[in-house]
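Novice: Next comes coords-v9.txt, compact mmCIF, C-alpha atoms:
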```txt
# COMPACT_ATOMS: atom_id res chain seq x y z
CA HIS A 1 88.78 -52.63 3.82
CA PRO A 2 86.21 -54.99 5.33
CA PHE A 3 83.16 -53.14 6.54
CA PRO A 4 80.56 -54.60 8.86
CA ILE A 5 77.07 -54.01 7.50
CA ILE A 6 74.46 -53.58 10.21
CA LEU A 7 70.75 -54.19 9.76
CA PHE A 8 68.54 -52.45 12.28
CA THR A 9 65.01 -53.75 12.42
CA LYS A 10 63.69 -50.72 14.28
CA ARG A 11 59.92 -50.97 14.47
CA ALA A 12 60.16 -53.91 12.10
CA ILE A 13 56.42 -54.27 11.81
CA HIS A 14 54.08 -51.35 12.51
CA ASN A 15 50.64 -51.77 11.03
CA GLU A 16 51.34 -52.44 7.35
CA THR A 17 54.59 -50.48 7.10
CA ILE A 18 58.11 -51.69 7.88
CA TYR A 19 61.13 -49.51 8.69
CA ILE A 20 64.67 -50.67 8.07
CA GLU A 21 67.99 -48.91 8.57
CA ILE A 22 71.11 -50.20 6.84
CA VAL A 23 74.62 -48.91 7.47
CA GLY A 24 77.55 -49.56 5.15
CA PRO A 25 80.54 -48.01 3.38
CA ALA A 26 79.94 -44.69 1.60
CA ASP A 27 82.39 -45.31 -1.26
CA ARG A 28 81.20 -48.67 -2.62
CA TRP A 29 78.06 -50.76 -3.13
CA PHE A 30 76.66 -52.84 -0.31
CA GLY A 31 73.47 -54.72 0.35
CA ILE A 32 71.41 -57.06 2.46
CA GLY A 33 69.20 -59.99 1.56
CA ILE A 34 66.22 -61.01 3.67
CA GLY A 35 64.58 -64.39 4.15
CA ASN A 36 67.46 -66.71 3.31
CA GLN A 37 71.05 -67.45 4.29
CA SER A 38 72.27 -67.87 0.71
CA MET A 39 71.99 -65.70 -2.40
CA ASP A 40 69.88 -67.83 -4.74
CA GLY A 41 66.34 -66.43 -4.95
CA THR A 42 66.82 -64.03 -2.03
CA TYR A 43 65.09 -60.63 -1.97
CA ALA A 44 67.72 -57.91 -1.45
CA PHE A 45 68.25 -54.18 -1.01
CA ILE A 46 71.37 -53.04 -2.90
CA ILE A 47 72.81 -49.57 -2.36
CA SER A 48 75.18 -48.19 -4.99
CA GLU A 49 78.31 -46.19 -4.25
CA ASP A 50 76.18 -43.14 -5.19
CA GLY A 51 73.52 -44.01 -2.58
CA ILE A 52 70.89 -45.24 -5.03
CA LEU A 53 68.76 -48.09 -3.67
CA THR A 54 67.48 -50.92 -5.85
CA GLU A 55 65.60 -54.07 -4.97
CA ARG A 56 66.71 -57.36 -6.48
CA GLN A 57 65.99 -61.05 -6.43
CA LEU A 58 69.52 -62.43 -6.26
CA GLY A 59 70.70 -65.33 -8.40
CA ASP A 60 72.97 -68.23 -7.53
CA HIS A 61 76.20 -66.26 -6.94
CA ASN A 62 75.16 -63.55 -9.40
CA GLU A 63 73.29 -60.22 -9.39
CA GLY A 64 69.95 -61.84 -10.33
CA LEU A 65 66.91 -59.80 -11.36
CA SER A 66 66.39 -56.08 -10.90
CA LEU A 67 62.91 -55.53 -9.41
CA PRO A 68 60.65 -52.56 -10.30
CA THR A 69 61.33 -50.46 -7.19
CA GLN A 70 59.85 -47.39 -8.89
CA ALA A 71 56.45 -49.16 -9.09
CA THR A 72 56.32 -49.87 -5.34
CA GLU A 73 55.55 -47.77 -2.29
CA LEU A 74 59.16 -47.97 -1.11
CA GLU A 75 60.70 -44.70 0.06
CA TYR A 76 64.21 -44.14 1.34
CA THR A 77 66.67 -41.52 2.44
CA GLN A 78 70.42 -41.84 2.54
CA THR A 79 73.23 -39.86 4.07
CA ALA A 80 76.99 -40.30 3.85
CA VAL A 81 79.18 -38.97 6.67
CA ASP A 82 82.84 -39.77 7.39
CA GLY A 83 82.97 -42.79 5.07
CA THR A 84 79.74 -44.37 6.32
CA ARG A 85 76.42 -44.42 4.45
CA THR A 86 73.14 -44.77 6.35
CA VAL A 87 70.02 -45.74 4.42
CA LYS A 88 66.55 -45.51 6.00
CA ILE A 89 63.85 -47.46 4.20
CA THR A 90 60.07 -47.37 4.53
CA ARG A 91 58.20 -50.09 2.68
CA SER A 92 54.87 -51.85 2.67
CA ARG A 93 54.85 -55.04 4.74
CA ALA A 94 53.30 -56.95 1.84
CA GLY A 95 55.43 -57.62 -1.21
CA TYR A 96 54.59 -55.84 -4.47
CA SER A 97 54.63 -59.26 -6.17
CA ASN A 98 55.84 -62.77 -5.38
CA LEU A 99 59.41 -61.65 -6.20
CA PHE A 100 59.45 -59.23 -3.23
CA TYR A 101 59.86 -60.32 0.38
CA GLU A 102 56.63 -60.27 2.37
CA PHE A 103 57.35 -59.30 5.95
CA PRO A 104 55.39 -61.30 8.52
CA GLU A 105 52.19 -60.06 10.16
CA ALA A 106 53.32 -61.33 13.56
CA ARG A 107 56.55 -62.05 15.39
CA LEU A 108 58.85 -64.34 13.40
CA ASP A 109 62.13 -65.66 14.79
CA ASN A 110 65.29 -66.81 13.01
CA VAL A 111 64.72 -65.07 9.67
CA GLY A 112 67.76 -65.55 7.45
CA ILE A 113 69.70 -62.46 6.38
CA ILE A 114 72.78 -62.04 4.23
CA ALA A 115 74.99 -59.04 3.57
CA ALA A 116 77.80 -58.23 1.15
CA TRP A 117 79.86 -55.24 0.02
CA ALA A 118 82.33 -54.44 -2.75
CA ILE A 119 86.02 -55.20 -2.27
CA ARG A 120 87.10 -51.81 -3.64
CA ALA A 121 85.50 -48.46 -4.38
CA GLY A 122 84.41 -48.42 -8.01
CA ASP A 123 83.77 -52.17 -8.27
CA PRO A 124 80.39 -52.49 -10.01
CA PHE A 125 77.60 -54.47 -8.38
CA GLY A 126 77.76 -57.99 -9.79
CA ASN A 127 81.54 -58.28 -9.44
CA PHE A 128 82.61 -60.96 -6.97
CA HIS A 129 82.46 -59.46 -3.47
CA GLY A 130 85.33 -61.61 -2.22
CA TYR A 131 85.50 -64.32 0.40
CA SER A 132 85.63 -61.99 3.40
CA ASN A 133 83.17 -59.28 2.27
CA HIS A 134 79.95 -61.09 3.11
CA LEU A 135 78.10 -62.57 6.04
CA SER A 136 75.14 -64.79 6.77
CA SER A 137 73.07 -64.66 9.93
CA SER A 138 69.50 -64.54 11.23
CA THR A 139 67.31 -62.00 12.97
CA ASN A 140 63.94 -61.79 14.68
CA PHE A 141 61.09 -59.63 13.42
CA VAL A 142 58.96 -58.27 16.24
CA LEU A 143 55.83 -56.15 16.50
CA SER A 144 56.50 -52.49 17.25
CA ASN A 145 54.89 -52.73 20.67
CA GLU A 146 57.38 -55.46 21.59
CA THR A 147 60.30 -53.02 21.43
CA THR A 148 61.00 -49.60 22.83
CA PHE A 149 63.35 -48.26 20.15
CA ASP A 150 60.84 -45.46 19.57
CA PRO A 151 59.23 -44.35 22.83
CA THR A 152 56.25 -42.84 20.96
CA LEU A 153 55.29 -46.37 19.87
CA ALA A 154 55.66 -47.94 23.33
CA PRO A 155 52.46 -48.95 25.12
CA THR A 156 51.27 -46.38 27.62
CA ILE A 157 49.04 -46.66 30.65
CA ALA A 158 46.70 -43.79 31.55
CA PRO A 159 46.67 -42.75 35.22
CA THR A 160 43.65 -43.87 37.21
CA THR A 161 41.82 -41.73 39.72
```
Represent the supplied structure as structure tokens.
Specialist:
Amino acid sequence: HPFPIILFTKRAIHNETIYIEIVGPADRWFGIGIGNQSMDGTYAFIISEDGILTERQLGDHNEGLSLPTQATELEYTQTAVDGTRTVKITRSRAGYSNLFYEFPEARLDNVGIIAAWAIRAGDPFGNFHGYSNHLSSSTNFVLSNETTFDPTLAPTIAPTT
């Protein structure tokens, strides 16, 4: 069935580390691309039906290149509960190479994002995702002190005497 993929940009930029949370179906692959509103040349996180994360540079309506995730500082955790998989990613703001997305150092509005997911459980990544199993949108990246998703990162004011 169609499954809305949600990208949370919690604390999108905090020093030189970014934090991303992606939610999708637990029984099939899904992914998001960042920095573009079409596939060709877009940096993407792809999560397999087994919860394994890979980074890719997508091709023109094809799976594109697999990037060397194991050589980067990327770390992630994933959990699957009641048919929904949640993936929490920690990654360096700077890209490992020019093939990886470099997150901005300051606020950046209207950043293109794409998302897609398999039509059926068991469909391998690279199979056509169908006409209704994808979306294209944009988001804003903000500095961590511009949000209050995590109250420990919110600015504080010391009491004066």
Novice: Could you check the closest approach to Thr84 (chain A) for each of A:Arg28, A:Arg56, A:His61, A:Arg107 and tell me which residue wins, using only C-alpha atoms?
Specialist: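 Among the listed residues, A:Arg28 lies closest to Thr84 (chain A).
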Novice: Using only C-alpha atoms, pick whichever of A:Trp29, A:Ser97, A:Ile52, A:Leu65 has the shortest atom-to-atom distance to Phe128 (chain A).
Specialist: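 The shortest atom-to-atom distance to Phe128 (chain A) comes from A:Trp29.
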Novice: I'd like the contact shell of Lys88 (chain A) - 10 Å cut-off, all atoms listed in the file, skipping same-chain residues fewer than 5 positions apart - returned as a PyMOL selection string.
Specialist: chain A and resi 8+19-23+75-79
Novice: Near Leu74 (chain A), within 7 Å and counting all atoms listed in the file, which residues show up once chain neighbours fewer than 2 positions away are dropped, as a VMD selection string?
Specialist: chain A and resid 69 72 76 90 to 92
Novice: Record the distance separating CA of Phe103 (chain A) and CA of Phe125 (chain A), expressed in Å with one decimal.
Specialist: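 One can read the CA of Phe103 (chain A) to CA of Phe125 (chain A) distance as 25.3 Å.
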Novice: Quick check, in Å to one decimal: how far apart do CA of Ile113 (chain A) and CA of Ser136 (chain A) lie?
Specialist: 5.9 Å
Novice: Here is a test: counting all atoms listed in the file, which residue of A:Asp82, A:Asp27, A:Val87, A:Ser138 is nearest to Leu108 (chain A)?
Specialist: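 The closest residue to Leu108 (chain A) is A:Ser138.
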